[in-house]
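Text of coords37.txt, listed as compact mmCIF, C-alpha atoms and all ligand atoms:
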# COMPACT_ATOMS: atom_id res chain seq x y z
CA MET A 1 8.70 -25.70 7.34
CA ASN A 2 5.97 -23.65 5.63
CA ALA A 3 2.85 -24.67 7.57
CA PRO A 4 1.80 -22.28 10.36
CA VAL A 5 2.97 -22.44 13.97
CA LEU A 6 0.43 -22.05 16.77
CA VAL A 7 1.83 -19.87 19.55
CA ILE A 8 0.33 -20.49 22.98
CA ASN A 9 0.83 -18.29 26.04
CA CYS A 10 -0.88 -19.98 28.94
CA GLY A 11 -1.60 -18.09 32.17
CA SER A 12 -3.37 -19.34 35.30
CA SER A 13 -6.82 -18.33 34.00
CA SER A 14 -6.14 -17.33 30.40
CA ILE A 15 -4.69 -18.58 27.11
CA LYS A 16 -3.41 -16.18 24.43
CA TYR A 17 -2.92 -17.71 21.00
CA ALA A 18 -1.76 -16.75 17.53
CA LEU A 19 -1.48 -18.85 14.38
CA ILE A 20 1.54 -17.59 12.48
CA ASP A 21 2.57 -18.35 8.90
CA SER A 22 6.19 -18.61 7.78
CA ASP A 23 5.55 -15.37 5.84
CA PRO A 24 5.56 -12.81 8.68
CA LYS A 25 3.29 -10.48 6.67
CA ALA A 26 0.47 -13.06 6.30
CA PRO A 27 -2.66 -12.29 8.38
CA ARG A 28 -2.74 -13.95 11.77
CA LEU A 29 -5.56 -15.71 13.53
CA ALA A 30 -5.20 -14.57 17.12
CA GLY A 31 -7.20 -14.32 20.28
CA LEU A 32 -7.56 -14.76 24.00
CA ALA A 33 -9.49 -17.23 26.15
CA GLU A 34 -9.95 -15.70 29.58
CA ARG A 35 -11.62 -16.13 32.98
CA LEU A 36 -11.15 -19.89 32.58
CA ASP A 37 -12.70 -22.16 35.22
CA SER A 38 -15.39 -19.52 35.86
CA SER A 39 -18.95 -19.12 34.64
CA ASP A 40 -18.02 -16.12 32.49
CA ALA A 41 -15.13 -17.81 30.69
CA ARG A 42 -15.00 -16.67 27.06
CA LEU A 43 -12.96 -16.75 23.89
CA GLN A 44 -12.43 -13.68 21.75
CA GLY A 45 -10.29 -13.14 18.71
CA SER A 46 -10.15 -12.40 15.04
CA ASN A 47 -10.55 -14.54 11.93
CA SER A 48 -8.53 -14.49 8.70
CA ARG A 49 -10.66 -11.64 7.30
CA GLY A 50 -9.76 -9.52 10.33
CA GLU A 51 -13.31 -9.77 11.75
CA SER A 52 -13.57 -10.15 15.51
CA PHE A 53 -15.62 -12.77 17.34
CA GLN A 54 -16.67 -13.56 20.92
CA GLN A 55 -17.69 -17.00 22.11
CA PRO A 56 -18.92 -17.84 25.62
CA LEU A 57 -17.10 -20.83 27.15
CA SER A 58 -18.94 -21.01 30.46
CA GLY A 59 -17.01 -23.11 32.98
CA ALA A 60 -14.35 -24.14 30.45
CA ASP A 61 -10.97 -25.32 31.72
CA HIS A 62 -7.66 -25.03 29.83
CA ALA A 63 -8.22 -28.22 27.80
CA GLN A 64 -11.71 -27.18 26.72
CA ALA A 65 -10.49 -23.70 25.82
CA LEU A 66 -7.69 -25.21 23.70
CA GLN A 67 -10.25 -27.32 21.84
CA ALA A 68 -12.33 -24.19 21.18
CA ILE A 69 -9.20 -22.40 19.96
CA PHE A 70 -8.37 -25.27 17.58
CA ALA A 71 -11.91 -25.13 16.20
CA ARG A 72 -11.24 -21.48 15.28
CA LEU A 73 -8.16 -22.18 13.17
CA GLU A 74 -10.21 -22.38 9.96
CA GLU A 75 -8.75 -25.62 8.58
CA ARG A 76 -5.23 -24.18 8.78
CA SER A 77 -3.63 -27.02 10.72
CA PRO A 78 -0.47 -25.98 12.55
CA ALA A 79 2.75 -27.90 11.94
CA ALA A 80 3.94 -27.25 15.48
CA ILE A 81 3.06 -25.48 18.71
CA GLY A 82 5.35 -22.91 20.35
CA HIS A 83 4.76 -22.35 24.06
CA ARG A 84 5.86 -19.26 25.92
CA VAL A 85 7.51 -20.38 29.16
CA VAL A 86 8.43 -17.64 31.60
CA HIS A 87 11.37 -19.14 33.48
CA GLY A 88 14.00 -21.46 32.07
CA GLY A 89 16.54 -20.88 34.84
CA GLU A 90 20.11 -21.59 33.72
CA HIS A 91 19.03 -24.74 31.91
CA PHE A 92 17.79 -23.17 28.70
CA THR A 93 19.82 -20.80 26.58
CA GLN A 94 17.51 -21.32 23.61
CA ALA A 95 14.18 -22.86 22.65
CA ALA A 96 13.78 -26.58 23.41
CA LEU A 97 11.75 -29.36 21.80
CA ILE A 98 9.40 -30.52 24.55
CA ASP A 99 9.84 -34.05 25.86
CA LYS A 100 9.62 -35.58 29.31
CA ASN A 101 13.11 -34.37 30.19
CA VAL A 102 12.34 -30.78 29.25
CA ILE A 103 9.09 -30.87 31.23
CA ASP A 104 10.92 -32.22 34.30
CA THR A 105 13.51 -29.47 33.97
CA ILE A 106 10.86 -26.74 33.66
CA GLU A 107 9.27 -28.20 36.79
CA THR A 108 12.52 -27.81 38.70
CA THR A 109 12.57 -24.08 37.84
CA ALA A 110 8.95 -23.58 38.94
CA THR A 111 10.13 -22.51 42.40
CA LEU A 112 11.75 -19.48 40.69
CA ALA A 113 8.49 -18.48 38.96
CA PRO A 114 5.66 -19.86 41.10
CA LEU A 115 3.08 -17.53 39.51
CA HIS A 116 3.93 -18.41 35.91
CA ASN A 117 5.69 -21.71 35.26
CA PRO A 118 2.95 -23.97 36.70
CA ALA A 119 0.40 -22.34 34.36
CA ASN A 120 2.78 -22.71 31.39
CA LEU A 121 3.25 -26.39 32.30
CA ALA A 122 -0.50 -26.95 32.59
CA GLY A 123 -0.88 -25.54 29.07
CA ILE A 124 1.85 -27.83 27.76
CA ALA A 125 0.27 -30.88 29.42
CA ALA A 126 -3.20 -30.08 28.03
CA THR A 127 -1.87 -29.45 24.51
CA ARG A 128 0.23 -32.61 24.49
CA ALA A 129 -2.76 -34.68 25.61
CA LEU A 130 -4.99 -33.16 22.90
CA PHE A 131 -2.45 -33.17 20.06
CA PRO A 132 0.10 -35.90 20.81
CA ASP A 133 1.41 -35.98 17.22
CA LEU A 134 2.31 -32.29 16.95
CA PRO A 135 5.87 -31.26 17.84
CA GLN A 136 5.85 -28.72 20.67
CA VAL A 137 8.59 -26.30 21.56
CA ALA A 138 9.19 -24.28 24.73
CA VAL A 139 10.44 -20.72 24.20
CA PHE A 140 11.74 -19.09 27.37
CA ASP A 141 11.48 -15.44 28.48
CA THR A 142 14.80 -15.84 30.26
CA ALA A 143 16.84 -17.53 27.49
CA PHE A 144 17.96 -14.38 25.64
CA HIS A 145 19.51 -13.02 28.84
CA GLN A 146 21.61 -16.14 29.49
CA THR A 147 24.52 -14.28 27.82
CA LEU A 148 24.80 -11.86 30.77
CA PRO A 149 28.30 -12.01 32.28
CA PRO A 150 28.62 -12.88 36.00
CA GLN A 151 29.28 -9.25 36.95
CA ALA A 152 25.78 -8.46 35.67
CA TYR A 153 23.90 -11.55 36.81
CA ARG A 154 25.33 -12.13 40.28
CA TYR A 155 23.88 -10.41 43.34
CA ALA A 156 26.38 -9.36 45.98
CA LEU A 157 25.18 -12.19 48.24
CA PRO A 158 26.86 -15.25 49.79
CA GLU A 159 27.98 -17.62 47.03
CA ALA A 160 25.99 -20.59 48.35
CA LEU A 161 22.74 -18.78 47.59
CA TYR A 162 23.76 -18.87 43.95
CA THR A 163 25.41 -22.27 43.74
CA GLN A 164 22.86 -24.15 45.86
CA HIS A 165 19.65 -22.21 45.26
CA GLY A 166 20.04 -20.49 41.89
CA ILE A 167 19.66 -16.99 43.37
CA ARG A 168 20.91 -14.72 40.57
CA ARG A 169 19.58 -12.24 38.05
CA TYR A 170 17.85 -13.94 35.09
CA GLY A 171 15.95 -11.18 33.27
CA PHE A 172 12.61 -11.51 31.44
CA HIS A 173 10.80 -10.25 28.30
CA GLY A 174 13.67 -11.94 26.43
CA THR A 175 11.70 -12.61 23.24
CA SER A 176 10.81 -8.91 23.01
CA HIS A 177 14.35 -7.64 23.71
CA ALA A 178 15.71 -10.15 21.18
CA PHE A 179 13.18 -9.24 18.50
CA VAL A 180 13.51 -5.48 18.85
CA SER A 181 17.32 -5.38 19.01
CA GLN A 182 17.66 -7.74 16.05
CA ARG A 183 15.21 -5.62 14.08
CA ALA A 184 17.26 -2.49 14.89
CA GLY A 185 20.35 -4.26 13.56
CA ASP A 186 18.44 -5.02 10.34
CA ILE A 187 17.03 -1.54 9.70
CA SER A 188 19.74 0.76 11.06
CA GLU A 189 22.93 1.47 9.15
CA ARG A 190 24.75 0.92 12.43
CA GLY A 191 23.84 -2.79 12.32
CA ALA A 192 24.01 -5.05 15.36
CA GLY A 193 25.92 -2.53 17.47
CA GLY A 194 25.12 -1.43 21.00
CA TRP A 195 21.43 -0.85 21.71
CA LEU A 196 19.58 0.11 24.87
CA VAL A 197 16.08 -1.36 24.77
CA ALA A 198 13.12 -0.01 26.77
CA HIS A 199 10.24 -2.50 26.74
CA LEU A 200 7.47 -0.47 28.40
CA GLY A 201 4.09 -2.20 28.70
CA ASN A 202 2.18 -3.27 31.80
CA GLY A 203 5.40 -5.00 32.75
CA CYS A 204 8.49 -2.93 31.95
CA SER A 205 12.14 -3.85 31.52
CA THR A 206 15.26 -2.43 29.93
CA SER A 207 18.29 -4.15 28.44
CA ALA A 208 21.71 -3.51 26.94
CA VAL A 209 22.29 -5.55 23.78
CA TRP A 210 25.63 -5.75 21.97
CA GLN A 211 25.99 -7.69 18.69
CA ASN A 212 22.63 -9.43 19.35
CA GLN A 213 23.73 -10.55 22.83
CA SER A 214 22.08 -9.35 26.00
CA LEU A 215 24.76 -7.99 28.34
CA ASP A 216 22.55 -6.64 31.11
CA THR A 217 18.89 -6.13 31.89
CA SER A 218 16.77 -4.51 34.58
CA MET A 219 14.70 -7.48 35.77
CA GLY A 220 16.37 -9.99 38.05
CA LEU A 221 15.50 -13.18 39.91
CA THR A 222 11.85 -12.24 39.38
CA PRO A 223 10.04 -9.77 37.08
CA LEU A 224 9.69 -7.38 40.04
CA GLU A 225 13.21 -5.91 39.88
CA GLY A 226 14.07 -2.82 37.87
CA VAL A 227 11.97 0.09 36.63
CA ALA A 228 8.52 1.03 37.97
CA MET A 229 5.65 -0.69 36.12
CA GLY A 230 1.84 -0.61 35.90
CA THR A 231 1.26 -2.14 39.33
CA ARG A 232 4.78 -3.37 40.23
CA SER A 233 7.16 -1.28 42.31
CA GLY A 234 10.41 -2.16 40.55
CA ASP A 235 13.50 -1.56 42.70
CA VAL A 236 12.98 -0.82 46.38
CA ASP A 237 15.43 -0.84 49.26
CA PRO A 238 16.04 -4.52 50.13
CA GLY A 239 15.59 -3.44 53.75
CA LEU A 240 11.96 -2.55 53.04
CA HIS A 241 10.64 -6.06 53.63
CA ALA A 242 12.09 -6.30 57.14
CA HIS A 243 10.94 -2.77 57.91
CA LEU A 244 7.32 -3.39 56.85
CA HIS A 245 7.26 -6.64 58.75
CA ARG A 246 8.73 -5.23 61.95
CA GLN A 247 6.98 -1.87 61.98
CA LEU A 248 3.60 -2.71 60.43
CA GLY A 249 3.38 -6.44 61.12
CA TRP A 250 2.92 -7.25 57.43
CA SER A 251 3.34 -10.86 56.36
CA LEU A 252 5.44 -11.87 53.35
CA ASP A 253 2.24 -12.39 51.36
CA ASP A 254 1.08 -8.86 52.25
CA ILE A 255 4.39 -7.40 51.12
CA ASP A 256 4.43 -9.48 47.93
CA ARG A 257 0.90 -8.38 47.05
CA VAL A 258 1.57 -4.69 47.63
CA LEU A 259 4.82 -4.69 45.64
CA ASN A 260 3.34 -6.69 42.73
CA LYS A 261 -0.25 -5.49 42.54
CA GLN A 262 -0.67 -2.16 44.30
CA SER A 263 2.47 -0.22 43.45
CA GLY A 264 3.98 1.32 40.31
CA LEU A 265 1.82 3.79 38.35
CA TYR A 266 -1.23 2.56 40.25
CA GLY A 267 0.25 2.98 43.72
CA LEU A 268 1.82 6.37 43.04
CA SER A 269 -1.22 7.89 41.32
CA GLY A 270 -3.88 6.27 43.50
CA LEU A 271 -5.85 6.17 40.23
CA THR A 272 -4.84 3.65 37.60
CA ASN A 273 -2.12 1.43 36.15
CA ASP A 274 -2.95 2.64 32.63
CA MET A 275 -0.48 5.15 31.15
CA ARG A 276 -3.16 6.72 28.90
CA GLU A 277 -5.25 7.60 31.95
CA ILE A 278 -2.15 8.77 33.84
CA GLU A 279 -1.30 11.18 31.01
CA THR A 280 -4.85 12.54 30.82
CA ALA A 281 -5.07 13.02 34.59
CA ALA A 282 -1.59 14.60 34.71
CA ASP A 283 -2.66 17.07 32.00
CA GLY A 284 -5.61 17.86 34.27
CA GLU A 285 -3.21 18.72 37.11
CA HIS A 286 -3.83 15.53 39.14
CA ALA A 287 -0.85 15.58 41.53
CA GLY A 288 -0.63 11.79 41.95
CA ALA A 289 -0.74 11.20 38.19
CA ARG A 290 1.98 13.81 37.64
CA LEU A 291 4.18 12.17 40.24
CA ALA A 292 3.55 8.71 38.74
CA PHE A 293 4.54 10.00 35.28
CA ASP A 294 7.67 11.71 36.65
CA VAL A 295 8.82 8.70 38.66
CA PHE A 296 8.12 6.30 35.78
CA CYS A 297 10.14 8.29 33.22
CA TYR A 298 12.97 9.09 35.63
CA ARG A 299 13.37 5.43 36.57
CA VAL A 300 13.45 4.36 32.91
CA ALA A 301 16.07 7.01 32.06
CA LYS A 302 18.15 6.11 35.12
CA SER A 303 18.01 2.43 34.21
CA LEU A 304 19.11 3.12 30.61
CA ALA A 305 21.97 5.29 31.85
CA ALA A 306 23.09 2.52 34.22
CA LEU A 307 22.86 -0.17 31.53
CA SER A 308 25.01 1.89 29.17
CA CYS A 309 28.00 0.72 31.30
CA ALA A 310 27.55 -2.71 29.68
CA LEU A 311 28.01 -1.43 26.11
CA PRO A 312 31.32 -0.75 24.30
CA THR A 313 29.49 1.82 22.11
CA LEU A 314 26.03 3.31 22.30
CA ASP A 315 24.36 3.20 18.89
CA GLY A 316 20.89 4.02 20.07
CA VAL A 317 17.80 3.61 22.23
CA LEU A 318 14.85 1.45 21.17
CA PHE A 319 11.33 1.97 22.55
CA THR A 320 8.75 -0.82 22.44
CA GLY A 321 5.69 -2.20 24.31
CA GLY A 322 2.31 -0.47 24.63
CA ILE A 323 3.79 2.63 26.30
CA GLY A 324 7.05 2.68 24.34
CA GLU A 325 5.24 2.35 21.01
CA ASN A 326 2.47 4.84 21.74
CA SER A 327 3.42 7.43 24.31
CA SER A 328 5.30 10.32 22.72
CA GLN A 329 5.23 12.06 26.10
CA VAL A 330 7.08 9.24 27.88
CA ARG A 331 9.68 8.99 25.08
CA LYS A 332 10.19 12.75 25.12
CA ARG A 333 10.74 12.89 28.87
CA VAL A 334 13.05 9.85 28.96
CA ILE A 335 15.29 11.14 26.16
CA HIS A 336 15.23 14.64 27.67
CA LEU A 337 16.75 13.14 30.83
CA LEU A 338 19.70 11.65 28.88
CA PRO A 339 21.39 14.63 27.14
CA HIS A 340 24.89 13.55 28.29
CA PHE A 341 24.74 10.68 25.81
CA GLY A 342 24.15 13.11 22.95
CA LEU A 343 20.58 11.84 22.67
CA ALA A 344 18.01 14.22 21.20
CA LEU A 345 14.61 13.75 19.54
CA ASP A 346 13.02 15.01 16.37
CA ASN A 347 9.97 16.26 18.28
CA ASP A 348 7.66 16.32 15.28
CA ARG A 349 8.43 12.73 14.29
CA ASN A 350 8.15 11.61 17.89
CA ALA A 351 4.73 13.23 18.24
CA ILE A 352 3.23 11.33 15.30
CA THR A 353 4.77 7.90 15.93
CA ARG A 354 2.27 5.51 17.49
CA GLY A 355 -0.12 2.67 16.73
CA GLY A 356 2.29 -0.03 15.62
CA ARG A 357 4.38 2.29 13.44
CA GLU A 358 8.13 1.68 13.17
CA ASP A 359 10.12 4.90 12.90
CA ARG A 360 13.39 6.61 13.66
CA ILE A 361 12.69 9.62 15.88
CA ASP A 362 16.08 11.13 16.84
CA ALA A 363 17.32 14.56 15.76
CA GLY A 364 20.06 13.05 13.62
CA SER A 365 23.24 14.11 15.42
CA GLY A 366 23.86 11.60 18.24
CA PRO A 367 22.91 8.00 18.90
CA GLU A 368 19.75 6.88 17.10
CA VAL A 369 16.33 6.58 18.74
CA TRP A 370 13.81 4.17 17.26
CA VAL A 371 10.26 3.10 17.99
CA ILE A 372 10.03 -0.58 17.05
CA PRO A 373 6.75 -2.43 17.65
CA THR A 374 7.51 -5.67 19.40
CA ASP A 375 6.33 -9.02 18.10
CA GLU A 376 6.74 -11.59 20.84
CA GLU A 377 4.41 -14.10 19.16
CA GLY A 378 6.26 -13.76 15.85
CA ARG A 379 9.56 -14.31 17.61
CA ILE A 380 8.22 -17.39 19.46
CA ALA A 381 7.00 -18.82 16.11
CA ALA A 382 10.39 -18.09 14.49
CA GLU A 383 12.27 -19.73 17.38
CA THR A 384 9.93 -22.73 17.23
CA ARG A 385 10.65 -23.16 13.50
CA HIS A 386 14.39 -22.71 14.05
CA CYS A 387 14.39 -25.31 16.85
CA LEU A 388 12.63 -27.87 14.68
CA GLU A 389 14.68 -27.17 11.54
CA THR A 390 18.07 -27.32 13.27
CA ARG A 391 17.08 -30.56 15.00
CA ALA A 392 16.11 -32.24 11.72
P1 LIG B 1 1.33 -5.91 28.28
O1 LIG B 1 2.63 -5.73 29.02
O2 LIG B 1 0.21 -6.39 29.14
O3 LIG B 1 1.47 -6.64 26.95
P2 LIG B 1 1.06 -3.54 26.63
O4 LIG B 1 2.39 -3.73 26.00
O5 LIG B 1 -0.15 -3.67 25.78
O6 LIG B 1 0.87 -4.42 27.92
O7 LIG B 1 1.06 -2.06 27.28
C1 LIG B 1 0.00 -1.59 28.04
C2 LIG B 1 0.32 -0.16 28.42
O8 LIG B 1 0.44 0.64 27.22
C3 LIG B 1 -0.76 0.51 29.26
O9 LIG B 1 -0.17 1.26 30.32
C4 LIG B 1 -1.41 1.47 28.28
O10 LIG B 1 -1.95 2.59 28.92
C5 LIG B 1 -0.22 1.87 27.44
N1 LIG B 1 -0.66 2.51 26.20
C6 LIG B 1 -1.33 1.97 25.16
N2 LIG B 1 -1.64 2.94 24.24
C7 LIG B 1 -1.16 4.11 24.74
C8 LIG B 1 -1.14 5.47 24.28
N3 LIG B 1 -1.71 5.81 23.13
N4 LIG B 1 -0.54 6.40 25.05
C9 LIG B 1 0.03 6.06 26.22
N5 LIG B 1 0.06 4.82 26.72
C10 LIG B 1 -0.52 3.83 25.98

Do you think you could lay out the structure here as structure tokens?
Amino acid sequence: MNAPVLVINCGSSSIKYALIDSDPKAPRLAGLAERLDSSDARLQGSNSRGESFQQPLSGADHAQALQAIFARLEERSPAAIGHRVVHGGEHFTQAALIDKNVIDTIETTATLAPLHNPANLAGIAATRALFPDLPQVAVFDTAFHQTLPPQAYRYALPEALYTQHGIRRYGFHGTSHAFVSQRAGDISERGAGGWLVAHLGNGCSTSAVWQNQSLDTSMGLTPLEGVAMGTRSGDVDPGLHAHLHRQLGWSLDDIDRVLNKQSGLYGLSGLTNDMREIETAADGEHAGARLAFDVFCYRVAKSLAALSCALPTLDGVLFTGGIGENSSQVRKRVIHLLPHFGLALDNDRNAITRGGREDRIDAGSGPEVWVIPTDEEGRIAAETRHCLETRA
């Protein structure tokens, strides 16, 4: 299948898109429709010459935004559409061609991802109505982590919560962990060995990948578990909820909002969820920003150390995501906290690696350390193609 694949990532008020050729080096048409269903809805993106555009879409809903996106594809009709779907539960271990059955199954997992799956489903419904003849594929954030063994995915809770209600660890950011670890296997002489992956963006997660299989990961039932993030707390004492409710009278919605939207870098610094601003403020002796930086890096290092238990051998650490790809300071601190694994950086290489550059940045003696820019859209397009080709 040589014609391009249109990748759609539909949120509650936004749609990210990218038109991706079978040649991964070909230029991409990509953009974002945001603030949908409001008067300042707009579409912005880039064309095939790399020029950016902005288009007001006042009051547009998802279907109208999709039509505007299609009008921007410059006659390059897609052969298929690949949809990012956040939660596939235990039903999907790989991408699935969308039909009524698949939609019904995604609906049954919506209770596990009430913030995300309904928006993903709305995008699928709108796209199917507009383009009924195009094959559409669902690519799940959770699918790559379906290889976790029970000792990694089960919580130490009564069995019925798992068997009757699906309460277990699922993991997220699967397309990124899959892409980055596979890429490491391709470019490192060590091949598809044992890799610890740190995907550090606004959302952050870590994983342990052995022979291209995810064996453990930091996120769990929801994307709130694990390391500290931009505005998410990551791990807290499970007793915290009862404590906040009993002592402060907080409702579940209050607690959910604080842990998801007001914690992490933002909550600790009292300033921002943006790592660039945290680093600048920490350099300027801002105590909250320093603490946020320290906690963030310590939690990432601690998570990687814990995940190493899943790997028979440790071949290296892979950094990706906006922070992982760009922040030499975060990488330096995280690796500095893991000397027992023989990890050490080439500080000069680390300092200059940013801005989408792929590079090996370790000192050469122990496990490798790589910066590998993630490509979630590219991976979704590749999985969409694979799904359609293997079905044919
Ligand atoms: P998302 O998870 O929304 O896709 P990204 O992967 O783009 O987010 O990551 C966003 C994060 O990357 C922000 O915290 C931002 O500050 C950080 N970041 C981007 N560039 C730099 C940089 N040069 N130095 C430090 N942090 C950076």

Work out where the centre of an axis-aligned box around every listed atom of ligand LIG 1 (chain B) lies and how long its edges are once 3 Å is added on each side; give both in Å to one decimal as JSON.
{"center_x": 0.3, "center_y": -0.1, "center_z": 26.7, "size_x": 10.6, "size_y": 19.0, "size_z": 13.2}

Quick one: everything within 12 Å of A:Ile372, counting only C-alpha atoms, minus sequence neighbours fewer than 5 positions away in the same chain. Send it as a PDB file with C-alpha atoms, in the coordinates of the input.
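Contents of part-v8.pdb, as written:
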ATOM      1  CA  SER A 176      10.810  -8.910  23.010  1.00  0.00           C
ATOM      2  CA  HIS A 177      14.350  -7.640  23.710  1.00  0.00           C
ATOM      3  CA  ALA A 178      15.710 -10.150  21.180  1.00  0.00           C
ATOM      4  CA  PHE A 179      13.180  -9.240  18.500  1.00  0.00           C
ATOM      5  CA  VAL A 180      13.510  -5.480  18.850  1.00  0.00           C
ATOM      6  CA  SER A 181      17.320  -5.380  19.010  1.00  0.00           C
ATOM      7  CA  GLN A 182      17.660  -7.740  16.050  1.00  0.00           C
ATOM      8  CA  ARG A 183      15.210  -5.620  14.080  1.00  0.00           C
ATOM      9  CA  ALA A 184      17.260  -2.490  14.890  1.00  0.00           C
ATOM     10  CA  GLY A 185      20.350  -4.260  13.560  1.00  0.00           C
ATOM     11  CA  ASP A 186      18.440  -5.020  10.340  1.00  0.00           C
ATOM     12  CA  ILE A 187      17.030  -1.540   9.700  1.00  0.00           C
ATOM     13  CA  SER A 188      19.740   0.760  11.060  1.00  0.00           C
ATOM     14  CA  VAL A 197      16.080  -1.360  24.770  1.00  0.00           C
ATOM     15  CA  ALA A 198      13.120  -0.010  26.770  1.00  0.00           C
ATOM     16  CA  HIS A 199      10.240  -2.500  26.740  1.00  0.00           C
ATOM     17  CA  LEU A 200       7.470  -0.470  28.400  1.00  0.00           C
ATOM     18  CA  VAL A 317      17.800   3.610  22.230  1.00  0.00           C
ATOM     19  CA  LEU A 318      14.850   1.450  21.170  1.00  0.00           C
ATOM     20  CA  PHE A 319      11.330   1.970  22.550  1.00  0.00           C
ATOM     21  CA  THR A 320       8.750  -0.820  22.440  1.00  0.00           C
ATOM     22  CA  GLY A 321       5.690  -2.200  24.310  1.00  0.00           C
ATOM     23  CA  GLY A 322       2.310  -0.470  24.630  1.00  0.00           C
ATOM     24  CA  ILE A 323       3.790   2.630  26.300  1.00  0.00           C
ATOM     25  CA  GLY A 324       7.050   2.680  24.340  1.00  0.00           C
ATOM     26  CA  GLU A 325       5.240   2.350  21.010  1.00  0.00           C
ATOM     27  CA  ASN A 326       2.470   4.840  21.740  1.00  0.00           C
ATOM     28  CA  THR A 353       4.770   7.900  15.930  1.00  0.00           C
ATOM     29  CA  ARG A 354       2.270   5.510  17.490  1.00  0.00           C
ATOM     30  CA  GLY A 355      -0.120   2.670  16.730  1.00  0.00           C
ATOM     31  CA  GLY A 356       2.290  -0.030  15.620  1.00  0.00           C
ATOM     32  CA  ARG A 357       4.380   2.290  13.440  1.00  0.00           C
ATOM     33  CA  GLU A 358       8.130   1.680  13.170  1.00  0.00           C
ATOM     34  CA  ASP A 359      10.120   4.900  12.900  1.00  0.00           C
ATOM     35  CA  ARG A 360      13.390   6.610  13.660  1.00  0.00           C
ATOM     36  CA  ILE A 361      12.690   9.620  15.880  1.00  0.00           C
TER      37      ILE A 361
END

Residue neighbourhood A:Val85, 10 Å, only C-alpha atoms, exclusion window fewer than 6 positions, as a list in words: Ile8, Asn9, Cys10, Gly11, Ala95, Ile106, His116, Asn117, Pro118, Ala119, Asn120, Leu121, Gly123, Ile124, Val137, Ala138, Val139, Phe140, Asp141, Thr142 and Ala143 of chain A

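Considering all atoms listed in the file, the residue among A:Pro4, A:Gly194, A:Pro56, A:Gly45 positioned nearest to A:Pro24 is A:Pro4.
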
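Counting only C-alpha atoms and comparing A:Ala96, A:Trp250, A:Asp21, A:Ser14, the residue that lies closest to A:Leu388 is A:Ala96.
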
Among the residues A:Ser327, A:Gln55, A:Thr390, A:Thr217, the one that comes closest to ligand LIG 1 (chain B) [using all atoms listed in the file]: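 That would be A:Ser327, the residue with the smallest distance to ligand LIG 1 (chain B).
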
Stretch 272-278 of chain A surroundings by only C-alpha atoms, 6 Å radius, close-in-sequence under 3 positions cut, as number ranges by chain: A: 230-231, 265-266, 281-282, 289

Atomic distance atom CA of A:Arg333 - atom CA of A:Arg290, expressed in Å with one decimal: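 Taking atom CA of A:Arg333 and atom CA of A:Arg290, their separation equals 12.4 Å.
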
Which residue of A:Cys204, A:Ala305, A:Leu244, A:Ala60 approaches ligand LIG 1 (chain B) most closely, using only C-alpha atoms and all ligand atoms: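 Among the listed residues, A:Cys204 lies closest to ligand LIG 1 (chain B).
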